[in-house]
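Pasting query.pdb here (PDB, C-alpha atoms, pLDDT in the B column):
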ATOM      1  CA  MET A 181     -18.285   0.099  15.666  1.00 49.00           C
ATOM      2  CA  SER A 182     -21.026   1.885  13.712  1.00 45.00           C
ATOM      3  CA  ALA A 183     -22.029   4.077  16.647  1.00 51.00           C
ATOM      4  CA  VAL A 184     -21.254   4.581  20.305  1.00 55.00           C
ATOM      5  CA  ARG A 185     -24.331   5.216  22.445  1.00 56.00           C
ATOM      6  CA  GLY A 186     -26.105   6.734  19.484  1.00 58.00           C
ATOM      7  CA  ARG A 187     -23.243   8.854  18.196  1.00 70.00           C
ATOM      8  CA  ALA A 188     -20.515   8.476  15.631  1.00 81.00           C
ATOM      9  CA  PRO A 189     -17.275   6.992  17.000  1.00 93.00           C
ATOM     10  CA  ARG A 190     -14.305   9.198  17.797  1.00 97.00           C
ATOM     11  CA  VAL A 191     -11.311   7.877  15.857  1.00 98.00           C
ATOM     12  CA  VAL A 192      -7.590   8.630  15.999  1.00 98.00           C
ATOM     13  CA  SER A 193      -5.400   7.350  13.176  1.00 98.00           C
ATOM     14  CA  LEU A 194      -1.689   6.655  13.566  1.00 98.00           C
ATOM     15  CA  VAL A 195      -1.324   5.558   9.922  1.00 98.00           C
ATOM     16  CA  PRO A 196      -1.320   8.052   7.010  1.00 97.00           C
ATOM     17  CA  SER A 197      -2.921   5.582   4.587  1.00 96.00           C
ATOM     18  CA  LEU A 198      -5.751   4.817   7.001  1.00 98.00           C
ATOM     19  CA  THR A 199      -6.225   8.491   7.824  1.00 98.00           C
ATOM     20  CA  GLU A 200      -6.962   9.232   4.185  1.00 97.00           C
ATOM     21  CA  ALA A 201      -9.218   6.202   3.824  1.00 98.00           C
ATOM     22  CA  VAL A 202     -11.314   7.125   6.850  1.00 98.00           C
ATOM     23  CA  ALA A 203     -11.422  10.855   6.119  1.00 97.00           C
ATOM     24  CA  VAL A 204     -12.956  10.327   2.677  1.00 96.00           C
ATOM     25  CA  SER A 205     -15.182   7.399   3.666  1.00 97.00           C
ATOM     26  CA  ALA A 206     -16.473   8.428   7.093  1.00 96.00           C
ATOM     27  CA  PRO A 207     -16.300  12.234   7.236  1.00 94.00           C
ATOM     28  CA  GLY A 208     -16.339  13.656  10.736  1.00 94.00           C
ATOM     29  CA  VAL A 209     -15.234  10.637  12.744  1.00 97.00           C
ATOM     30  CA  LEU A 210     -11.508  11.465  12.812  1.00 98.00           C
ATOM     31  CA  VAL A 211     -10.514  13.580  15.796  1.00 98.00           C
ATOM     32  CA  GLY A 212      -6.757  13.041  15.626  1.00 98.00           C
ATOM     33  CA  ALA A 213      -3.992  12.005  13.239  1.00 98.00           C
ATOM     34  CA  THR A 214      -0.212  12.058  13.013  1.00 98.00           C
ATOM     35  CA  ASP A 215       1.907  14.896  11.694  1.00 97.00           C
ATOM     36  CA  TRP A 216       2.666  12.677   8.673  1.00 95.00           C
ATOM     37  CA  CYS A 217      -0.991  12.311   7.692  1.00 96.00           C
ATOM     38  CA  SER A 218      -0.878  14.608   4.662  1.00 94.00           C
ATOM     39  CA  HIS A 219      -3.983  13.407   2.828  1.00 95.00           C
ATOM     40  CA  PRO A 220      -6.604  14.540   2.243  1.00 95.00           C
ATOM     41  CA  ALA A 221      -5.307  18.087   1.996  1.00 93.00           C
ATOM     42  CA  GLY A 222      -6.701  20.453   4.577  1.00 92.00           C
ATOM     43  CA  LEU A 223      -7.645  17.765   7.084  1.00 95.00           C
ATOM     44  CA  ASP A 224      -8.592  19.665  10.257  1.00 95.00           C
ATOM     45  CA  VAL A 225      -7.956  17.362  13.214  1.00 97.00           C
ATOM     46  CA  ALA A 226      -5.665  17.387  16.243  1.00 98.00           C
ATOM     47  CA  ARG A 227      -2.089  16.385  15.436  1.00 98.00           C
ATOM     48  CA  ILE A 228      -0.569  13.972  17.908  1.00 97.00           C
ATOM     49  CA  GLY A 229       3.068  13.500  16.823  1.00 97.00           C
ATOM     50  CA  GLY A 230       4.661  11.020  14.464  1.00 96.00           C
ATOM     51  CA  THR A 231       3.900   7.435  13.567  1.00 97.00           C
ATOM     52  CA  LYS A 232       6.931   6.223  15.534  1.00 96.00           C
ATOM     53  CA  ASN A 233       6.612   8.690  18.414  1.00 96.00           C
ATOM     54  CA  PRO A 234       2.962   9.571  19.011  1.00 97.00           C
ATOM     55  CA  ASP A 235       2.083  11.673  22.033  1.00 98.00           C
ATOM     56  CA  VAL A 236       0.207   8.981  23.955  1.00 98.00           C
ATOM     57  CA  PRO A 237      -1.303  11.349  26.577  1.00 98.00           C
ATOM     58  CA  ALA A 238      -2.495  13.639  23.772  1.00 98.00           C
ATOM     59  CA  VAL A 239      -4.163  10.705  22.019  1.00 98.00           C
ATOM     60  CA  LEU A 240      -5.887   9.602  25.216  1.00 98.00           C
ATOM     61  CA  ALA A 241      -6.990  13.174  25.924  1.00 98.00           C
ATOM     62  CA  LEU A 242      -8.997  13.071  22.704  1.00 98.00           C
ATOM     63  CA  ARG A 243     -11.131  10.292  24.267  1.00 97.00           C
ATOM     64  CA  PRO A 244     -11.013   8.052  21.177  1.00 98.00           C
ATOM     65  CA  ASP A 245     -13.383   5.148  20.815  1.00 97.00           C
ATOM     66  CA  LEU A 246     -10.913   3.614  18.372  1.00 98.00           C
ATOM     67  CA  VAL A 247      -7.247   4.074  17.498  1.00 98.00           C
ATOM     68  CA  LEU A 248      -6.122   2.852  14.085  1.00 98.00           C
ATOM     69  CA  ALA A 249      -2.610   1.409  13.909  1.00 98.00           C
ATOM     70  CA  ASN A 250      -0.369  -0.775  11.778  1.00 97.00           C
ATOM     71  CA  GLU A 251       2.205  -3.329  12.874  1.00 96.00           C
ATOM     72  CA  GLU A 252       4.870  -1.875  10.574  1.00 94.00           C
ATOM     73  CA  GLU A 253       4.150   1.838  10.963  1.00 95.00           C
ATOM     74  CA  ASN A 254       3.703   1.944  14.735  1.00 97.00           C
ATOM     75  CA  ARG A 255       5.702   0.689  17.730  1.00 97.00           C
ATOM     76  CA  ALA A 256       4.332  -1.950  20.081  1.00 97.00           C
ATOM     77  CA  PRO A 257       5.234  -0.008  23.297  1.00 98.00           C
ATOM     78  CA  ASP A 258       3.130   2.957  22.159  1.00 98.00           C
ATOM     79  CA  LEU A 259       0.182   0.733  21.332  1.00 98.00           C
ATOM     80  CA  ASP A 260       0.527  -1.056  24.676  1.00 98.00           C
ATOM     81  CA  ALA A 261       0.483   2.311  26.443  1.00 98.00           C
ATOM     82  CA  LEU A 262      -2.668   3.319  24.581  1.00 98.00           C
ATOM     83  CA  ARG A 263      -4.381   0.079  25.551  1.00 98.00           C
ATOM     84  CA  ALA A 264      -3.274   0.525  29.150  1.00 98.00           C
ATOM     85  CA  GLY A 265      -4.876   3.973  29.032  1.00 97.00           C
ATOM     86  CA  GLY A 266      -8.187   2.429  28.005  1.00 96.00           C
ATOM     87  CA  ALA A 267      -8.072   2.952  24.230  1.00 97.00           C
ATOM     88  CA  GLU A 268      -9.293   0.297  21.824  1.00 97.00           C
ATOM     89  CA  VAL A 269      -6.628  -0.278  19.159  1.00 98.00           C
ATOM     90  CA  LEU A 270      -7.409  -1.781  15.768  1.00 98.00           C
ATOM     91  CA  LEU A 271      -4.056  -3.140  14.594  1.00 98.00           C
ATOM     92  CA  THR A 272      -3.677  -3.878  10.885  1.00 97.00           C
ATOM     93  CA  GLU A 273      -1.078  -5.962   9.060  1.00 97.00           C
ATOM     94  CA  VAL A 274      -0.591  -5.037   5.417  1.00 97.00           C
ATOM     95  CA  ARG A 275       2.142  -6.817   3.485  1.00 97.00           C
ATOM     96  CA  THR A 276       0.181  -7.680   0.331  1.00 98.00           C
ATOM     97  CA  LEU A 277      -2.464  -6.031  -1.793  1.00 98.00           C
ATOM     98  CA  ASP A 278      -5.077  -8.539  -0.633  1.00 98.00           C
ATOM     99  CA  GLN A 279      -4.268  -7.816   3.002  1.00 98.00           C
ATOM    100  CA  GLY A 280      -4.500  -4.108   2.287  1.00 98.00           C
ATOM    101  CA  LEU A 281      -7.907  -4.343   0.660  1.00 98.00           C
ATOM    102  CA  ALA A 282      -9.236  -6.515   3.490  1.00 98.00           C
ATOM    103  CA  ALA A 283      -7.835  -4.189   6.161  1.00 97.00           C
ATOM    104  CA  LEU A 284      -9.382  -1.164   4.482  1.00 98.00           C
ATOM    105  CA  ALA A 285     -12.789  -2.812   4.431  1.00 97.00           C
ATOM    106  CA  ASP A 286     -12.465  -3.676   8.130  1.00 97.00           C
ATOM    107  CA  VAL A 287     -11.306  -0.191   9.104  1.00 97.00           C
ATOM    108  CA  VAL A 288     -14.067   1.622   7.231  1.00 97.00           C
ATOM    109  CA  ALA A 289     -16.688  -0.696   8.713  1.00 96.00           C
ATOM    110  CA  ALA A 290     -15.254  -0.180  12.217  1.00 96.00           C
ATOM    111  CA  CYS A 291     -15.680   3.564  11.690  1.00 96.00           C
ATOM    112  CA  GLY A 292     -19.363   3.089  10.969  1.00 94.00           C
ATOM    113  CA  ALA A 293     -19.277   3.824   7.237  1.00 95.00           C
ATOM    114  CA  PRO A 294     -20.634   1.765   4.326  1.00 95.00           C
ATOM    115  CA  ARG A 295     -18.243   0.108   1.921  1.00 96.00           C
ATOM    116  CA  PRO A 296     -16.887   2.962  -0.225  1.00 97.00           C
ATOM    117  CA  ARG A 297     -16.986   3.091  -3.995  1.00 97.00           C
ATOM    118  CA  TRP A 298     -13.251   3.789  -4.187  1.00 97.00           C
ATOM    119  CA  LEU A 299     -12.541   0.414  -2.583  1.00 98.00           C
ATOM    120  CA  ALA A 300     -14.522  -1.410  -5.258  1.00 97.00           C
ATOM    121  CA  GLU A 301     -12.736   0.647  -7.916  1.00 98.00           C
ATOM    122  CA  ALA A 302      -9.368  -0.341  -6.435  1.00 98.00           C
ATOM    123  CA  GLU A 303     -10.291  -4.018  -6.470  1.00 98.00           C
ATOM    124  CA  GLU A 304     -11.455  -3.751 -10.077  1.00 98.00           C
ATOM    125  CA  ALA A 305      -8.359  -1.831 -11.186  1.00 98.00           C
ATOM    126  CA  TRP A 306      -5.947  -4.356  -9.739  1.00 98.00           C
ATOM    127  CA  ALA A 307      -7.960  -7.335 -10.975  1.00 97.00           C
ATOM    128  CA  ALA A 308      -7.630  -5.954 -14.501  1.00 97.00           C
ATOM    129  CA  VAL A 309      -3.980  -4.878 -14.272  1.00 96.00           C
ATOM    130  CA  GLU A 310      -1.794  -5.599 -17.291  1.00 94.00           C
ATOM    131  CA  PRO A 311       1.867  -6.263 -16.362  1.00 96.00           C
ATOM    132  CA  VAL A 312       4.439  -4.066 -18.046  1.00 96.00           C
ATOM    133  CA  GLY A 313       6.842  -6.979 -18.365  1.00 92.00           C
ATOM    134  CA  ASP A 314       7.547 -10.552 -17.426  1.00 93.00           C
ATOM    135  CA  GLY A 315       9.806 -10.587 -14.401  1.00 95.00           C
ATOM    136  CA  ILE A 316      11.813  -7.414 -15.032  1.00 98.00           C
ATOM    137  CA  ALA A 317      14.807  -7.601 -12.670  1.00 98.00           C
ATOM    138  CA  ALA A 318      14.722  -4.556 -10.398  1.00 98.00           C
ATOM    139  CA  VAL A 319      15.934  -2.983  -7.190  1.00 98.00           C
ATOM    140  CA  VAL A 320      13.682  -0.652  -5.225  1.00 98.00           C
ATOM    141  CA  PRO A 321      15.598   1.788  -3.005  1.00 98.00           C
ATOM    142  CA  ILE A 322      13.716   3.595  -0.248  1.00 98.00           C
ATOM    143  CA  TRP A 323      16.704   5.452   1.256  1.00 98.00           C
ATOM    144  CA  ARG A 324      20.266   6.450   0.538  1.00 97.00           C
ATOM    145  CA  ARG A 325      23.148   7.281   2.892  1.00 95.00           C
ATOM    146  CA  PRO A 326      22.916   4.397   3.646  1.00 97.00           C
ATOM    147  CA  TRP A 327      21.220   2.659   0.769  1.00 98.00           C
ATOM    148  CA  MET A 328      18.163   0.680   1.829  1.00 98.00           C
ATOM    149  CA  VAL A 329      15.883  -1.292  -0.482  1.00 98.00           C
ATOM    150  CA  VAL A 330      12.586  -3.125  -0.448  1.00 98.00           C
ATOM    151  CA  GLY A 331      13.234  -6.714   0.606  1.00 98.00           C
ATOM    152  CA  ARG A 332      10.939  -9.596   1.427  1.00 97.00           C
ATOM    153  CA  ASP A 333       7.274  -9.591   2.329  1.00 96.00           C
ATOM    154  CA  THR A 334       6.289  -5.992   1.576  1.00 97.00           C
ATOM    155  CA  PHE A 335       3.218  -4.257   0.222  1.00 98.00           C
ATOM    156  CA  ALA A 336       5.287  -2.335  -2.339  1.00 98.00           C
ATOM    157  CA  GLY A 337       6.943  -5.539  -3.509  1.00 98.00           C
ATOM    158  CA  ASP A 338       3.590  -7.218  -4.016  1.00 98.00           C
ATOM    159  CA  LEU A 339       2.272  -4.321  -6.104  1.00 98.00           C
ATOM    160  CA  LEU A 340       5.366  -4.356  -8.304  1.00 98.00           C
ATOM    161  CA  ALA A 341       5.177  -8.126  -8.742  1.00 98.00           C
ATOM    162  CA  ARG A 342       1.621  -7.724 -10.052  1.00 98.00           C
ATOM    163  CA  LEU A 343       3.010  -5.258 -12.578  1.00 98.00           C
ATOM    164  CA  GLY A 344       5.596  -7.741 -13.821  1.00 98.00           C
ATOM    165  CA  VAL A 345       8.572  -6.449 -11.846  1.00 98.00           C
ATOM    166  CA  ARG A 346      10.862  -8.966 -10.112  1.00 98.00           C
ATOM    167  CA  ASN A 347      12.431  -7.497  -7.003  1.00 98.00           C
ATOM    168  CA  LEU A 348      15.973  -8.860  -6.801  1.00 98.00           C
ATOM    169  CA  TYR A 349      15.837  -8.648  -3.003  1.00 98.00           C
ATOM    170  CA  ALA A 350      12.435 -10.277  -2.527  1.00 97.00           C
ATOM    171  CA  ASP A 351      14.089 -13.275  -0.860  1.00 97.00           C
ATOM    172  CA  HIS A 352      16.349 -11.290   1.442  1.00 98.00           C
ATOM    173  CA  PRO A 353      16.032 -12.231   5.141  1.00 97.00           C
ATOM    174  CA  GLU A 354      15.199  -8.614   5.996  1.00 97.00           C
ATOM    175  CA  ARG A 355      12.187  -6.634   4.849  1.00 97.00           C
ATOM    176  CA  TYR A 356      14.168  -3.425   4.284  1.00 97.00           C
ATOM    177  CA  PRO A 357      17.835  -4.389   4.104  1.00 98.00           C
ATOM    178  CA  LYS A 358      20.766  -2.022   3.966  1.00 98.00           C
ATOM    179  CA  VAL A 359      22.798  -2.960   0.888  1.00 98.00           C
ATOM    180  CA  PRO A 360      25.957  -1.205  -0.348  1.00 98.00           C
ATOM    181  CA  LEU A 361      25.544   0.502  -3.692  1.00 98.00           C
ATOM    182  CA  ASP A 362      28.187  -1.615  -5.401  1.00 98.00           C
ATOM    183  CA  GLU A 363      26.269  -4.756  -4.395  1.00 98.00           C
ATOM    184  CA  LEU A 364      23.008  -3.317  -5.712  1.00 98.00           C
ATOM    185  CA  ASN A 365      24.588  -2.664  -9.087  1.00 98.00           C
ATOM    186  CA  ALA A 366      26.375  -6.030  -9.093  1.00 98.00           C
ATOM    187  CA  ALA A 367      22.989  -7.735  -8.725  1.00 98.00           C
ATOM    188  CA  GLY A 368      22.355  -6.730 -12.338  1.00 97.00           C
ATOM    189  CA  PRO A 369      19.072  -4.807 -12.222  1.00 98.00           C
ATOM    190  CA  ARG A 370      17.507  -3.883 -15.520  1.00 98.00           C
ATOM    191  CA  LEU A 371      15.318  -1.392 -13.678  1.00 98.00           C
ATOM    192  CA  VAL A 372      15.607   0.753 -10.558  1.00 98.00           C
ATOM    193  CA  VAL A 373      12.320   1.950  -9.071  1.00 98.00           C
ATOM    194  CA  LEU A 374      12.763   5.231  -7.183  1.00 98.00           C
ATOM    195  CA  PRO A 375       9.809   6.500  -5.116  1.00 98.00           C
ATOM    196  CA  ASP A 376       9.625  10.030  -3.729  1.00 97.00           C
ATOM    197  CA  GLU A 377       9.056   8.820  -0.159  1.00 94.00           C
ATOM    198  CA  PRO A 378      10.295   8.102   2.431  1.00 94.00           C
ATOM    199  CA  TYR A 379      13.439   9.387   0.686  1.00 97.00           C
ATOM    200  CA  ARG A 380      12.630  11.922  -1.991  1.00 97.00           C
ATOM    201  CA  PHE A 381      14.396  10.539  -5.052  1.00 98.00           C
ATOM    202  CA  THR A 382      14.360  12.867  -8.056  1.00 98.00           C
ATOM    203  CA  ALA A 383      15.708  12.900 -11.600  1.00 97.00           C
ATOM    204  CA  ASP A 384      18.888  14.520 -10.207  1.00 97.00           C
ATOM    205  CA  ASP A 385      19.165  12.405  -7.072  1.00 98.00           C
ATOM    206  CA  GLY A 386      19.099   8.654  -7.516  1.00 98.00           C
ATOM    207  CA  PRO A 387      19.243   7.554 -11.169  1.00 98.00           C
ATOM    208  CA  GLU A 388      22.922   8.495 -11.504  1.00 98.00           C
ATOM    209  CA  ALA A 389      23.816   5.817  -8.940  1.00 98.00           C
ATOM    210  CA  PHE A 390      22.562   3.048 -11.249  1.00 98.00           C
ATOM    211  CA  PRO A 391      24.191   3.682 -14.642  1.00 97.00           C
ATOM    212  CA  GLY A 392      23.326   0.230 -15.962  1.00 93.00           C
ATOM    213  CA  ALA A 393      19.611   0.363 -15.199  1.00 98.00           C
ATOM    214  CA  ALA A 394      16.571   2.212 -16.459  1.00 98.00           C
ATOM    215  CA  ALA A 395      15.212   4.511 -13.740  1.00 98.00           C
ATOM    216  CA  ALA A 396      11.505   4.788 -12.977  1.00 98.00           C
ATOM    217  CA  LEU A 397      10.633   7.724 -10.737  1.00 98.00           C
ATOM    218  CA  VAL A 398       7.319   6.912  -9.084  1.00 98.00           C
ATOM    219  CA  ASP A 399       4.885   8.566  -6.720  1.00 97.00           C
ATOM    220  CA  GLY A 400       5.613   6.951  -3.363  1.00 96.00           C
ATOM    221  CA  ARG A 401       1.967   7.235  -2.390  1.00 95.00           C
ATOM    222  CA  MET A 402       0.971   5.065  -5.341  1.00 97.00           C
ATOM    223  CA  LEU A 403       3.546   2.450  -4.334  1.00 97.00           C
ATOM    224  CA  THR A 404       3.241   2.310  -0.551  1.00 96.00           C
ATOM    225  CA  TRP A 405      -0.118   3.748   0.543  1.00 96.00           C
ATOM    226  CA  TYR A 406      -3.197   1.562   0.922  1.00 95.00           C
ATOM    227  CA  GLY A 407      -6.270   3.706   0.573  1.00 95.00           C
ATOM    228  CA  PRO A 408      -8.137   5.628  -2.131  1.00 96.00           C
ATOM    229  CA  SER A 409      -4.906   5.971  -4.140  1.00 96.00           C
ATOM    230  CA  LEU A 410      -5.056   2.225  -4.864  1.00 98.00           C
ATOM    231  CA  ALA A 411      -7.709   2.887  -7.506  1.00 97.00           C
ATOM    232  CA  ARG A 412      -5.188   4.947  -9.519  1.00 97.00           C
ATOM    233  CA  ALA A 413      -2.019   3.136  -8.546  1.00 98.00           C
ATOM    234  CA  PRO A 414      -1.912   0.412 -11.232  1.00 98.00           C
ATOM    235  CA  ARG A 415      -2.383   2.942 -14.015  1.00 97.00           C
ATOM    236  CA  ASP A 416       0.081   5.506 -12.650  1.00 98.00           C
ATOM    237  CA  LEU A 417       2.748   2.970 -11.720  1.00 98.00           C
ATOM    238  CA  ALA A 418       2.466   1.176 -15.043  1.00 98.00           C
ATOM    239  CA  ARG A 419       2.830   4.461 -16.904  1.00 97.00           C
ATOM    240  CA  ALA A 420       6.013   5.341 -14.980  1.00 98.00           C
ATOM    241  CA  LEU A 421       7.508   1.886 -15.487  1.00 98.00           C
ATOM    242  CA  ARG A 422       6.762   1.827 -19.226  1.00 97.00           C
ATOM    243  CA  ALA A 423       8.242   5.297 -19.658  1.00 97.00           C
ATOM    244  CA  ALA A 424      11.472   4.184 -18.003  1.00 97.00           C
ATOM    245  CA  LEU A 425      11.743   1.011 -20.079  1.00 96.00           C
ATOM    246  CA  ARG A 426      11.261   2.622 -23.482  1.00 91.00           C
TER     247      ARG A 426
END

Before we go any further, please render this structure as C-alpha cells.
Amino acid sequence: MSAVRGRAPRVVSLVPSLTEAVAVSAPGVLVGATDWCSHPAGLDVARIGGTKNPDVPAVLALRPDLVLANEEENRAPDLDALRAGGAEVLLTEVRTLDQGLAALADVVAACGAPRPRWLAEAEEAWAAVEPVGDGIAAVVPIWRRPWMVVGRDTFAGDLLARLGVRNLYADHPERYPKVPLDELNAAGPRLVVLPDEPYRFTADDGPEAFPGAAAALVDGRMLTWYGPSLARAPRDLARALRAALR
C-alpha cells in the first residue's frame, strides 16, 4: 500500500514495536497508536487505548487505510470489529527473530516506505552474533505475584537461544506459564534473565528470589520488541548476560 489515490496511507498501529518501526521508517503515515506506544519519544498521534482494549470507534473515526496488529498483542474480537467497520487489518505473527524481520519488512512496505537501513543493520547484527555461552540453563520471568516465565515458542526465547541461553521452560505446553517460585528454583537455573517490562524487575526486586542463580537485568525493549532496537539488541543483551555471568 504505497499510496492511496495519490496520497500516503493513513495508518493506525496497535503494536508498540510496529509503531516505532513505522514512525522512523515512514514519517507522517501514522495517525493513531496505543497508549503503550512509547517509542519514538514525542510521537504526536491520536491515542486510542491499550493493546488489549483499543477504542474501536476511535480507531475507525481516524479513517485508517491500514491497521497494524499482532496475534499475541491484540485480541481477535477487537480486530474482527475493526474489519466489520471497514478497516483493513494487517495481522502479524512474530514468535522468532526470522518471523520478526520478515514482518517488519512487510509492514514497512505496506506503509509505502523503502526498506530501511536499520532493518539491514539488524539482520547483519544477528547474523554475526557471538553466543555468550553454550546452553546456559536459565529461567526468564516476565511477572511476579504470581510468577510467570517465558515458555515455548516466543520471540524472547528465540533471541536468548541465539545468544547461547537455554530456557528451561522452552518445552512447556504454555507460552507464558505461571510457575511457583520454589519450582523455578528447583529447576536449577544457572541464570535468571530479568527484563524491565512488562514487570519492572530491578536490582532490588527480582534477583533476591533466585539465590542460586546469576541475575541478568536486561532492557525489556531489547528482548521483546521487534523494530529498530533489533540492531542494538544482540550487543546490549550479550553485555548484560556476560556481566551477570562473571

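If you look at CA of Glu377 (chain A) and CA of Val211 (chain A), they are 25.7 Å away from each other.
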
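Evaluated against this file, the PyMOL selection byres ((chain A and resi 259) around 10) yields Leu194, Pro234, Val236, Val247, Leu248, Ala249, Asn250, Glu251, Asn254, Arg255, Ala256, Pro257, Asp258, Asp260, Ala261, Leu262, Arg263, Ala264, Gly265, Ala267, Glu268, Val269, Leu270 and Leu271 of chain A.
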
Polymer residues at most 9 Å from Pro294 (chain A), all atoms listed in the file, same-chain spacing of 4 or more positions, as a PyMOL selection string: chain A and resi 205-206+288-289

Can you pull out every residue within 9 Å of Arg355 (chain A), counting all atoms listed in the file, but drop anything in the same chain fewer than 4 positions away, and send it as a ChimeraX atom specification? /A:329-334,349-351

Residue neighbourhood Val345 (chain A), 12 Å, only C-alpha atoms, exclusion window fewer than 3 positions, as number ranges by chain: A: 310-320, 336-342, 348-350, 369-373, 396, 417-418, 421-422, 425

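On the file presented, the PyMOL selection byres ((chain A and resi 397) around 8) picks out Val373, Leu374, Pro375, Asp376, Phe381, Thr382, Ala383, Ala395, Ala396, Val398, Asp399 and Ala420 of chain A.
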
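Between Pro196 (chain A) and the residues A:Gly407, A:Pro387, A:Pro414, A:Pro296, the shortest atom-to-atom distance, using all atoms listed in the file, involves A:Gly407.
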
Going by the chain IDs and residue numbers used in this file, which residues fall under the PyMOL selection byres ((chain A and resi 304) around 12)? Write them as a PyMOL selection string. chain A and resi 281+297-303+305-309+410-415

Under the rule that only C-alpha atoms are counted, which of A:Asn233, A:Ser197, A:Cys291, A:Glu273 is the nearest residue to Leu210 (chain A)? A:Cys291

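Ranking A:Leu240, A:Val225, A:Leu277, A:Leu284 by their shortest atom-to-atom distance to Leu198 (chain A), with all atoms listed in the file included, puts A:Leu284 first.
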
Could you check the closest approach to Gly266 (chain A) for each of A:Pro391, A:Ala293, A:Gly280, A:Pro244 and tell me which residue wins, using only C-alpha atoms? A:Pro244

Output requested as a PDB file, keeping the file's coordinate frame - region 327-333 of chain A, filled out with all heavy atoms.
ATOM      1  N   TRP A 327      22.203   3.194   1.692  1.00 98.00           N
ATOM      2  CA  TRP A 327      21.220   2.659   0.769  1.00 98.00           C
ATOM      3  C   TRP A 327      20.400   1.572   1.461  1.00 98.00           C
ATOM      4  O   TRP A 327      20.932   0.670   2.097  1.00 98.00           O
ATOM      5  CB  TRP A 327      21.910   2.074  -0.469  1.00 98.00           C
ATOM      6  CG  TRP A 327      22.414   3.133  -1.382  1.00 98.00           C
ATOM      7  CD1 TRP A 327      23.686   3.646  -1.409  1.00 98.00           C
ATOM      8  CD2 TRP A 327      21.673   3.836  -2.383  1.00 98.00           C
ATOM      9  NE1 TRP A 327      23.790   4.622  -2.372  1.00 98.00           N
ATOM     10  CE2 TRP A 327      22.565   4.768  -2.989  1.00 98.00           C
ATOM     11  CE3 TRP A 327      20.361   3.776  -2.832  1.00 98.00           C
ATOM     12  CZ2 TRP A 327      22.163   5.626  -4.000  1.00 98.00           C
ATOM     13  CZ3 TRP A 327      19.953   4.634  -3.855  1.00 98.00           C
ATOM     14  CH2 TRP A 327      20.852   5.541  -4.425  1.00 98.00           C
ATOM     15  N   MET A 328      19.093   1.689   1.339  1.00 98.00           N
ATOM     16  CA  MET A 328      18.163   0.680   1.829  1.00 98.00           C
ATOM     17  C   MET A 328      17.180   0.367   0.700  1.00 98.00           C
ATOM     18  O   MET A 328      16.805   1.266  -0.076  1.00 98.00           O
ATOM     19  CB  MET A 328      17.388   1.170   3.057  1.00 98.00           C
ATOM     20  CG  MET A 328      18.250   1.440   4.266  1.00 98.00           C
ATOM     21  SD  MET A 328      17.286   2.124   5.658  1.00 98.00           S
ATOM     22  CE  MET A 328      16.202   0.729   6.012  1.00 98.00           C
ATOM     23  N   VAL A 329      16.768  -0.886   0.608  1.00 98.00           N
ATOM     24  CA  VAL A 329      15.883  -1.292  -0.482  1.00 98.00           C
ATOM     25  C   VAL A 329      14.722  -2.111   0.060  1.00 98.00           C
ATOM     26  O   VAL A 329      14.751  -2.626   1.184  1.00 98.00           O
ATOM     27  CB  VAL A 329      16.645  -2.120  -1.551  1.00 98.00           C
ATOM     28  CG1 VAL A 329      17.748  -1.301  -2.193  1.00 98.00           C
ATOM     29  CG2 VAL A 329      17.206  -3.408  -0.939  1.00 98.00           C
ATOM     30  N   VAL A 330      13.704  -2.239  -0.757  1.00 98.00           N
ATOM     31  CA  VAL A 330      12.586  -3.125  -0.448  1.00 98.00           C
ATOM     32  C   VAL A 330      13.086  -4.562  -0.511  1.00 98.00           C
ATOM     33  O   VAL A 330      13.712  -4.981  -1.493  1.00 98.00           O
ATOM     34  CB  VAL A 330      11.437  -2.902  -1.454  1.00 98.00           C
ATOM     35  CG1 VAL A 330      10.383  -3.990  -1.324  1.00 98.00           C
ATOM     36  CG2 VAL A 330      10.818  -1.527  -1.249  1.00 98.00           C
ATOM     37  N   GLY A 331      12.833  -5.315   0.556  1.00 98.00           N
ATOM     38  CA  GLY A 331      13.234  -6.714   0.606  1.00 98.00           C
ATOM     39  C   GLY A 331      12.044  -7.646   0.534  1.00 98.00           C
ATOM     40  O   GLY A 331      11.168  -7.499  -0.319  1.00 98.00           O
ATOM     41  N   ARG A 332      11.983  -8.575   1.472  1.00 97.00           N
ATOM     42  CA  ARG A 332      10.939  -9.596   1.427  1.00 97.00           C
ATOM     43  C   ARG A 332       9.631  -9.083   2.023  1.00 97.00           C
ATOM     44  O   ARG A 332       9.614  -8.188   2.854  1.00 97.00           O
ATOM     45  CB  ARG A 332      11.383 -10.838   2.204  1.00 97.00           C
ATOM     46  CG  ARG A 332      11.555 -10.583   3.697  1.00 97.00           C
ATOM     47  CD  ARG A 332      11.696 -11.853   4.512  1.00 97.00           C
ATOM     48  NE  ARG A 332      11.828 -11.549   5.925  1.00 97.00           N
ATOM     49  CZ  ARG A 332      10.798 -11.319   6.742  1.00 97.00           C
ATOM     50  NH1 ARG A 332       9.560 -11.376   6.283  1.00 97.00           N
ATOM     51  NH2 ARG A 332      11.011 -11.037   8.021  1.00 97.00           N
ATOM     52  N   ASP A 333       8.528  -9.676   1.590  1.00 96.00           N
ATOM     53  CA  ASP A 333       7.274  -9.591   2.329  1.00 96.00           C
ATOM     54  C   ASP A 333       6.804  -8.160   2.542  1.00 96.00           C
ATOM     55  O   ASP A 333       6.512  -7.745   3.662  1.00 96.00           O
ATOM     56  CB  ASP A 333       7.480 -10.305   3.680  1.00 96.00           C
ATOM     57  CG  ASP A 333       6.174 -10.634   4.387  1.00 96.00           C
ATOM     58  OD1 ASP A 333       5.139 -10.696   3.716  1.00 96.00           O
ATOM     59  OD2 ASP A 333       6.205 -10.827   5.622  1.00 96.00           O
TER      60      ASP A 333
END
